[in-house]
file upload-v6.cif (mmCIF, C-alpha atoms)
data_final
loop_
_atom_site.label_atom_id
_atom_site.label_comp_id
_atom_site.auth_asym_id
_atom_site.auth_seq_id
_atom_site.Cartn_x
_atom_site.Cartn_y
_atom_site.Cartn_z
CA MET A 1 14.61 -163.46 -46.23
CA LYS A 2 13.60 -159.83 -45.68
CA LYS A 3 10.01 -159.57 -44.53
CA THR A 4 7.90 -156.67 -45.74
CA CYS A 5 5.84 -154.05 -43.98
CA GLY A 6 2.74 -155.86 -45.26
CA TYR A 7 3.87 -159.08 -43.61
CA PHE A 8 4.23 -157.45 -40.19
CA MET A 9 0.95 -155.57 -40.54
CA GLU A 10 -0.77 -158.88 -41.35
CA LEU A 11 0.52 -160.25 -38.04
CA ALA A 12 -0.86 -157.18 -36.25
CA ILE A 13 -4.22 -157.68 -37.98
CA GLU A 14 -4.33 -161.29 -36.76
CA GLU A 15 -3.65 -160.08 -33.22
CA ALA A 16 -6.47 -157.56 -33.62
CA LYS A 17 -8.89 -160.24 -34.80
CA ASN A 18 -8.00 -162.39 -31.79
CA ALA A 19 -8.56 -159.44 -29.45
CA GLY A 20 -12.01 -158.96 -30.94
CA LEU A 21 -12.82 -162.63 -30.39
CA ARG A 22 -11.89 -162.13 -26.72
CA GLY A 23 -14.34 -159.21 -26.49
CA SER A 24 -11.76 -156.42 -26.49
CA VAL A 25 -11.56 -153.69 -29.10
CA PRO A 26 -9.79 -155.32 -32.08
CA VAL A 27 -6.40 -153.65 -32.07
CA GLY A 28 -3.17 -155.56 -32.60
CA ALA A 29 0.49 -154.62 -32.37
CA VAL A 30 3.78 -156.23 -33.37
CA ILE A 31 7.30 -155.10 -32.51
CA VAL A 32 10.12 -155.95 -34.88
CA TYR A 33 13.86 -155.88 -34.18
CA HIS A 34 16.20 -156.40 -37.13
CA ASN A 35 13.43 -157.97 -39.22
CA ASP A 36 12.47 -160.45 -36.47
CA VAL A 37 9.26 -160.29 -34.47
CA GLN A 38 10.08 -159.70 -30.81
CA SER A 39 6.54 -159.44 -29.55
CA ALA A 40 2.94 -159.42 -30.65
CA ALA A 41 -0.19 -158.54 -28.72
CA GLY A 42 -3.84 -157.70 -29.07
CA ASN A 43 -5.91 -155.62 -26.69
CA GLU A 44 -6.64 -157.48 -23.46
CA THR A 45 -8.57 -154.85 -21.53
CA ILE A 46 -11.66 -157.01 -21.05
CA ARG A 47 -9.92 -160.31 -20.31
CA SER A 48 -7.47 -158.77 -17.85
CA CYS A 49 -9.95 -156.23 -16.45
CA ASP A 50 -7.26 -153.61 -17.00
CA PRO A 51 -7.97 -150.42 -18.95
CA THR A 52 -4.25 -150.02 -19.69
CA ALA A 53 -3.91 -153.44 -21.38
CA HIS A 54 -3.76 -151.94 -24.87
CA ALA A 55 -2.00 -153.89 -27.60
CA GLU A 56 0.82 -151.35 -27.84
CA ILE A 57 1.55 -151.38 -24.10
CA LEU A 58 1.55 -155.18 -23.96
CA ALA A 59 3.77 -155.45 -27.04
CA ILE A 60 6.25 -152.96 -25.56
CA GLN A 61 6.36 -154.85 -22.24
CA ARG A 62 6.94 -158.16 -24.02
CA ALA A 63 9.60 -156.76 -26.36
CA CYS A 64 11.47 -155.20 -23.43
CA ALA A 65 11.42 -158.56 -21.63
CA SER A 66 12.49 -160.41 -24.78
CA LEU A 67 15.37 -158.05 -25.53
CA GLY A 68 16.34 -157.43 -21.90
CA SER A 69 16.16 -153.67 -22.31
CA CYS A 70 13.66 -150.90 -21.63
CA ILE A 71 14.92 -149.00 -24.66
CA LEU A 72 13.76 -150.31 -28.04
CA GLU A 73 15.64 -147.84 -30.24
CA GLU A 74 16.29 -150.31 -33.06
CA CYS A 75 12.71 -151.56 -33.11
CA ASP A 76 9.72 -150.78 -35.28
CA MET A 77 6.09 -151.12 -34.21
CA PHE A 78 3.20 -152.14 -36.43
CA VAL A 79 -0.25 -151.42 -35.01
CA THR A 80 -3.68 -151.58 -36.60
CA LEU A 81 -4.97 -148.28 -35.18
CA GLU A 82 -3.45 -144.86 -34.60
CA PRO A 83 -2.29 -145.01 -30.95
CA CYS A 84 -4.05 -143.12 -28.17
CA ALA A 85 -2.19 -140.61 -25.98
CA MET A 86 -1.24 -143.25 -23.38
CA CYS A 87 0.21 -145.58 -25.98
CA ALA A 88 1.87 -142.80 -27.97
CA GLN A 89 3.71 -141.65 -24.86
CA ALA A 90 4.78 -145.23 -24.07
CA ILE A 91 6.04 -145.64 -27.64
CA SER A 92 8.04 -142.44 -27.30
CA LEU A 93 9.45 -143.37 -23.88
CA SER A 94 10.44 -146.83 -25.10
CA GLY A 95 12.54 -145.32 -27.87
CA ILE A 96 10.86 -147.17 -30.74
CA ARG A 97 12.32 -145.69 -33.89
CA ARG A 98 9.45 -146.15 -36.34
CA LEU A 99 5.70 -146.57 -36.00
CA TYR A 100 3.56 -148.01 -38.77
CA PHE A 101 -0.19 -147.88 -38.20
CA GLY A 102 -3.29 -148.83 -40.12
CA ALA A 103 -6.50 -146.91 -39.45
CA TYR A 104 -6.52 -143.28 -38.40
CA ASP A 105 -8.43 -142.52 -35.19
CA ILE A 106 -10.05 -139.10 -35.39
CA LYS A 107 -11.62 -139.35 -31.92
CA CYS A 108 -8.88 -140.87 -29.75
CA GLY A 109 -5.74 -140.93 -31.89
CA ALA A 110 -2.77 -138.97 -30.60
CA ILE A 111 -0.27 -139.16 -33.47
CA GLU A 112 -1.97 -137.40 -36.38
CA HIS A 113 -4.97 -136.21 -34.33
CA GLY A 114 -5.62 -134.80 -30.86
CA PRO A 115 -2.51 -134.02 -28.83
CA ARG A 116 -0.02 -135.20 -31.53
CA VAL A 117 2.27 -136.58 -28.85
CA PHE A 118 5.30 -137.16 -31.07
CA LYS A 119 5.39 -133.51 -32.09
CA PHE A 120 6.41 -132.61 -28.55
CA SER A 121 8.29 -135.72 -27.41
CA GLN A 122 12.01 -135.75 -26.71
CA ARG A 123 12.61 -138.87 -28.80
CA ARG A 124 12.00 -138.76 -32.52
CA VAL A 125 9.65 -141.44 -33.83
CA ASP A 126 9.20 -141.79 -37.58
CA VAL A 127 5.57 -142.44 -38.49
CA VAL A 128 3.90 -144.08 -41.47
CA GLY A 129 0.11 -144.11 -41.23
CA GLY A 130 -2.65 -145.55 -43.36
CA ILE A 131 -1.15 -148.99 -44.01
CA ARG A 132 -4.05 -151.29 -44.96
CA GLU A 133 -6.24 -148.55 -43.54
CA THR A 134 -9.54 -149.85 -44.91
CA GLU A 135 -9.00 -153.38 -43.64
CA CYS A 136 -7.91 -152.19 -40.20
CA GLY A 137 -10.79 -149.75 -40.00
CA ASP A 138 -13.30 -152.41 -41.08
CA LEU A 139 -12.29 -154.59 -38.12
CA LEU A 140 -13.30 -151.79 -35.79
CA ARG A 141 -16.47 -150.79 -37.68
CA ILE A 142 -17.73 -154.39 -37.69
CA PHE A 143 -16.87 -154.88 -34.00
CA PHE A 144 -18.75 -151.78 -32.88
CA ARG A 145 -21.68 -152.41 -35.23
CA GLU A 146 -22.10 -155.87 -33.67
CA ILE A 147 -22.01 -154.36 -30.17
CA ARG A 148 -24.71 -151.83 -31.15
CA GLN A 149 -26.84 -154.60 -32.65
CA GLN A 150 -26.51 -156.71 -29.50
CA LYS A 151 -27.58 -153.75 -27.36
CA GLN A 152 -30.58 -153.06 -29.59
CA ALA A 153 -31.61 -156.71 -29.45
CA THR A 154 -31.72 -156.63 -25.65
CA VAL A 155 -33.77 -153.42 -25.45
#
call {"tool": "encode", "arguments": {"input": "upload-v6.cif", "output": "structure tokens"}}
result
Amino acid sequence: MKKTCGYFMELAIEEAKNAGLRGSVPVGAVIVYHNDVQSAAGNETIRSCDPTAHAEILAIQRACASLGSCILEECDMFVTLEPCAMCAQAISLSGIRRLYFGAYDIKCGAIEHGPRVFKFSQRRVDVVGGIRETECGDLLRIFFREIRQQKQATV
């Protein structure tokens, strides 16, 4: 049975929700190879005390281990937020062929905003943005609103 883009994005959204429950920014990523999930991850920056533990980086590491290769040229990535510059460069270096993302990130995004990493990368990455954009964006808006409310309550 061929799974749809919506199916894989739903898995990424679940990873994002789990990341938020762990106290990290709710971003989730899934890597798919030939219609099969090879890896899934949510941000783990808080739990691992590692600022580089973004969902995309973790998903790439796990997919490379699963497939036994550092090149993921037949893989697609689904992520709930437009990747930052660090993650965009890692996606490019890993050879992922297609990136699907949910919410656009005007401040820190590096695909459609900011440095537009793929525009200058050696490897071509096809990009489809805005998939379930409102839902993915709402996860982030709610997360940060709750953080602001907690800070105000302690002041």
call {"tool": "closest_residue", "arguments": {"input": "upload-v6.cif", "among": "A:Gly130, A:Gly95, A:Pro51, A:Pro83", "to": "A:His113", "atoms": "all atoms listed in the file"}}
result
A:Pro83
call {"tool": "residues_around", "arguments": {"input": "upload-v6.cif", "residues": "A:Leu140", "least_positions_apart": "4", "cutoff": "9 Å", "atoms": "only C-alpha atoms", "output": "VMD selection string"}}
result
chain A and resid 20 25 to 27 136 144 to 145
call {"tool": "closest_residue", "arguments": {"input": "upload-v6.cif", "among": "A:Thr134, A:Ser94, A:Gln152, A:Ser48", "to": "A:Thr80", "atoms": "all atoms listed in the file"}}
result
A:Thr134
call {"tool": "resolve_selection", "arguments": {"input": "upload-v6.cif", "expression": "the PyMOL selection byres ((chain A and resi 47) around 12)", "output": "list in words"}}
result
Asn18, Ala19, Gly20, Leu21, Arg22, Gly23, Ser24, Val25, Gly42, Asn43, Glu44, Thr45, Ile46, Ser48, Cys49, Asp50, Pro51, Thr52, Ala53 and His54 of chain A
call {"tool": "write_last_selection", "arguments": {"input": "upload-v6.cif", "atoms": "C-alpha atoms", "output": "PDB file, keeping the file's coordinate frame"}}
result
ATOM      1  CA  ASN A  18      -8.000-162.390 -31.790  1.00  0.00           C
ATOM      2  CA  ALA A  19      -8.560-159.440 -29.450  1.00  0.00           C
ATOM      3  CA  GLY A  20     -12.010-158.960 -30.940  1.00  0.00           C
ATOM      4  CA  LEU A  21     -12.820-162.630 -30.390  1.00  0.00           C
ATOM      5  CA  ARG A  22     -11.890-162.130 -26.720  1.00  0.00           C
ATOM      6  CA  GLY A  23     -14.340-159.210 -26.490  1.00  0.00           C
ATOM      7  CA  SER A  24     -11.760-156.420 -26.490  1.00  0.00           C
ATOM      8  CA  VAL A  25     -11.560-153.690 -29.100  1.00  0.00           C
ATOM      9  CA  GLY A  42      -3.840-157.700 -29.070  1.00  0.00           C
ATOM     10  CA  ASN A  43      -5.910-155.620 -26.690  1.00  0.00           C
ATOM     11  CA  GLU A  44      -6.640-157.480 -23.460  1.00  0.00           C
ATOM     12  CA  THR A  45      -8.570-154.850 -21.530  1.00  0.00           C
ATOM     13  CA  ILE A  46     -11.660-157.010 -21.050  1.00  0.00           C
ATOM     14  CA  SER A  48      -7.470-158.770 -17.850  1.00  0.00           C
ATOM     15  CA  CYS A  49      -9.950-156.230 -16.450  1.00  0.00           C
ATOM     16  CA  ASP A  50      -7.260-153.610 -17.000  1.00  0.00           C
ATOM     17  CA  PRO A  51      -7.970-150.420 -18.950  1.00  0.00           C
ATOM     18  CA  THR A  52      -4.250-150.020 -19.690  1.00  0.00           C
ATOM     19  CA  ALA A  53      -3.910-153.440 -21.380  1.00  0.00           C
ATOM     20  CA  HIS A  54      -3.760-151.940 -24.870  1.00  0.00           C
TER      21      HIS A  54
END
call {"tool": "closest_residue", "arguments": {"input": "upload-v6.cif", "among": "A:Leu93, A:Leu81, A:Val117, A:Leu67", "to": "A:Ala12", "atoms": "all atoms listed in the file"}}
result
A:Leu81
call {"tool": "residues_around", "arguments": {"input": "upload-v6.cif", "residues": "A:Arg116", "least_positions_apart": "4", "cutoff": "12 Å", "atoms": "all atoms listed in the file", "output": "short mmCIF file (atom, residue, chain, number, x, y, z; two decimals) with C-alpha atoms, in the coordinates of the input"}}
result
data_model
loop_
_atom_site.label_atom_id
_atom_site.label_comp_id
_atom_site.auth_asym_id
_atom_site.auth_seq_id
_atom_site.Cartn_x
_atom_site.Cartn_y
_atom_site.Cartn_z
CA GLU A 82 -3.45 -144.86 -34.60
CA PRO A 83 -2.29 -145.01 -30.95
CA CYS A 84 -4.05 -143.12 -28.17
CA ALA A 85 -2.19 -140.61 -25.98
CA MET A 86 -1.24 -143.25 -23.38
CA CYS A 87 0.21 -145.58 -25.98
CA ALA A 88 1.87 -142.80 -27.97
CA GLN A 89 3.71 -141.65 -24.86
CA SER A 92 8.04 -142.44 -27.30
CA ASP A 105 -8.43 -142.52 -35.19
CA ILE A 106 -10.05 -139.10 -35.39
CA CYS A 108 -8.88 -140.87 -29.75
CA GLY A 109 -5.74 -140.93 -31.89
CA ALA A 110 -2.77 -138.97 -30.60
CA ILE A 111 -0.27 -139.16 -33.47
CA GLU A 112 -1.97 -137.40 -36.38
CA PHE A 120 6.41 -132.61 -28.55
CA SER A 121 8.29 -135.72 -27.41
CA VAL A 125 9.65 -141.44 -33.83
CA VAL A 127 5.57 -142.44 -38.49
#
call {"tool": "closest_residue", "arguments": {"input": "upload-v6.cif", "among": "A:Lys107, A:Lys3, A:Lys17, A:Arg123", "to": "A:Phe143", "atoms": "all atoms listed in the file"}}
result
A:Lys17
call {"tool": "closest_residue", "arguments": {"input": "upload-v6.cif", "among": "A:Ile57, A:Ile71, A:Ala90, A:Leu99", "to": "A:Phe8", "atoms": "all atoms listed in the file"}}
result
A:Leu99
call {"tool": "closest_residue", "arguments": {"input": "upload-v6.cif", "among": "A:Ala103, A:Ala65, A:Ile31, A:Ala41", "to": "A:Leu139", "atoms": "all atoms listed in the file"}}
result
A:Ala103
call {"tool": "atom_distance", "arguments": {"input": "upload-v6.cif", "atom1": "atom CA of A:Val30", "atom2": "atom CA of A:Arg148"}}
result
28.9 Å
call {"tool": "atom_distance", "arguments": {"input": "upload-v6.cif", "atom1": "atom CA of A:Leu11", "atom2": "atom CA of A:Cys75"}}
result
15.8 Å
call {"tool": "atom_distance", "arguments": {"input": "upload-v6.cif", "atom1": "atom CA of A:Arg98", "atom2": "atom CA of A:Ala16"}}
result
19.8 Å
call {"tool": "axis_aligned_box", "arguments": {"input": "upload-v6.cif", "around": "stretch 62-70 of chain A", "padding_each_side": "5 Å", "output": "AutoDock Vina command-line options"}}
result
--center_x 11.6 --center_y -155.7 --center_z -24.0 --size_x 19.4 --size_y 19.5 --size_z 14.7
call {"tool": "resolve_selection", "arguments": {"input": "upload-v6.cif", "expression": "the PyMOL selection byres ((chain A and resi 2) around 10)", "output": "PyMOL selection string"}}
result
chain A and resi 1+3-5+7+34-36
call {"tool": "decode", "arguments": {"input": "upload-v6.cif", "residues": "stretch 27-51 of chain A", "atoms": "N, CA, C and O atoms", "output": "tab-separated table (two decimals), in the first residue's frame"}}
result
chain	number	residue	atom	x	y	z
A	27	VAL	N	9.28	20.26	17.10
A	27	VAL	CA	9.58	20.01	15.69
A	27	VAL	C	9.83	18.52	15.54
A	27	VAL	O	10.53	17.92	16.36
A	28	GLY	N	9.25	17.93	14.50
A	28	GLY	CA	9.43	16.51	14.24
A	28	GLY	C	9.85	16.27	12.81
A	28	GLY	O	9.51	17.05	11.91
A	29	ALA	N	10.58	15.18	12.59
A	29	ALA	CA	11.07	14.84	11.25
A	29	ALA	C	10.99	13.34	11.04
A	29	ALA	O	11.19	12.56	11.96
A	30	VAL	N	10.70	12.97	9.79
A	30	VAL	CA	10.62	11.57	9.39
A	30	VAL	C	11.37	11.44	8.06
A	30	VAL	O	11.24	12.29	7.19
A	31	ILE	N	12.16	10.39	7.93
A	31	ILE	CA	12.84	10.11	6.67
A	31	ILE	C	12.29	8.82	6.09
A	31	ILE	O	12.18	7.80	6.78
A	32	VAL	N	11.95	8.89	4.80
A	32	VAL	CA	11.29	7.80	4.10
A	32	VAL	C	12.17	7.33	2.94
A	32	VAL	O	12.70	8.15	2.18
A	33	TYR	N	12.32	6.03	2.84
A	33	TYR	CA	13.07	5.40	1.75
A	33	TYR	C	12.15	4.39	1.08
A	33	TYR	O	11.68	3.45	1.74
A	34	HIS	N	11.86	4.60	-0.19
A	34	HIS	CA	10.98	3.69	-0.93
A	34	HIS	C	9.67	3.43	-0.19
A	34	HIS	O	9.27	2.27	-0.03
A	35	ASN	N	9.06	4.50	0.28
A	35	ASN	CA	7.75	4.44	0.94
A	35	ASN	C	7.76	3.78	2.32
A	35	ASN	O	6.72	3.45	2.86
A	36	ASP	N	8.95	3.54	2.87
A	36	ASP	CA	9.07	2.97	4.22
A	36	ASP	C	9.79	3.95	5.12
A	36	ASP	O	10.83	4.52	4.75
A	37	VAL	N	9.29	4.14	6.32
A	37	VAL	CA	9.93	5.03	7.29
A	37	VAL	C	11.25	4.39	7.74
A	37	VAL	O	11.27	3.25	8.20
A	38	GLN	N	12.32	5.15	7.58
A	38	GLN	CA	13.64	4.68	8.03
A	38	GLN	C	14.00	5.27	9.38
A	38	GLN	O	14.75	4.67	10.14
A	39	SER	N	13.49	6.46	9.65
A	39	SER	CA	13.78	7.08	10.94
A	39	SER	C	12.75	8.15	11.23
A	39	SER	O	12.12	8.69	10.32
A	40	ALA	N	12.61	8.43	12.50
A	40	ALA	CA	11.72	9.50	12.96
A	40	ALA	C	12.33	10.08	14.22
A	40	ALA	O	12.93	9.36	15.02
A	41	ALA	N	12.20	11.39	14.37
A	41	ALA	CA	12.78	12.04	15.54
A	41	ALA	C	12.07	13.35	15.81
A	41	ALA	O	11.52	13.97	14.90
A	42	GLY	N	12.10	13.73	17.06
A	42	GLY	CA	11.66	15.06	17.48
A	42	GLY	C	12.84	15.76	18.10
A	42	GLY	O	13.83	15.11	18.49
A	43	ASN	N	12.77	17.07	18.20
A	43	ASN	CA	13.85	17.81	18.84
A	43	ASN	C	14.16	17.22	20.21
A	43	ASN	O	13.25	16.84	20.95
A	44	GLU	N	15.44	17.14	20.54
A	44	GLU	CA	15.88	16.63	21.84
A	44	GLU	C	16.91	17.56	22.48
A	44	GLU	O	17.73	17.11	23.28
A	45	THR	N	16.88	18.82	22.12
A	45	THR	CA	17.90	19.75	22.61
A	45	THR	C	17.91	19.86	24.13
A	45	THR	O	18.98	19.90	24.73
A	46	ILE	N	16.74	19.90	24.73
A	46	ILE	CA	16.66	20.06	26.19
A	46	ILE	C	17.06	18.76	26.88
A	46	ILE	O	17.91	18.75	27.77
A	47	ARG	N	16.46	17.65	26.46
A	47	ARG	CA	16.73	16.37	27.12
A	47	ARG	C	18.20	15.97	27.00
A	47	ARG	O	18.79	15.46	27.95
A	48	SER	N	18.79	16.21	25.85
A	48	SER	CA	20.18	15.80	25.65
A	48	SER	C	21.18	16.89	26.00
A	48	SER	O	22.39	16.66	25.94
A	49	CYS	N	20.67	18.08	26.33
A	49	CYS	CA	21.54	19.22	26.62
A	49	CYS	C	22.52	19.44	25.47
A	49	CYS	O	23.72	19.62	25.65
A	50	ASP	N	21.96	19.42	24.27
A	50	ASP	CA	22.75	19.52	23.04
A	50	ASP	C	22.03	20.44	22.06
A	50	ASP	O	20.98	20.08	21.53
A	51	PRO	N	22.56	21.62	21.80
A	51	PRO	CA	21.88	22.55	20.89
A	51	PRO	C	21.81	22.07	19.44
A	51	PRO	O	21.05	22.63	18.65
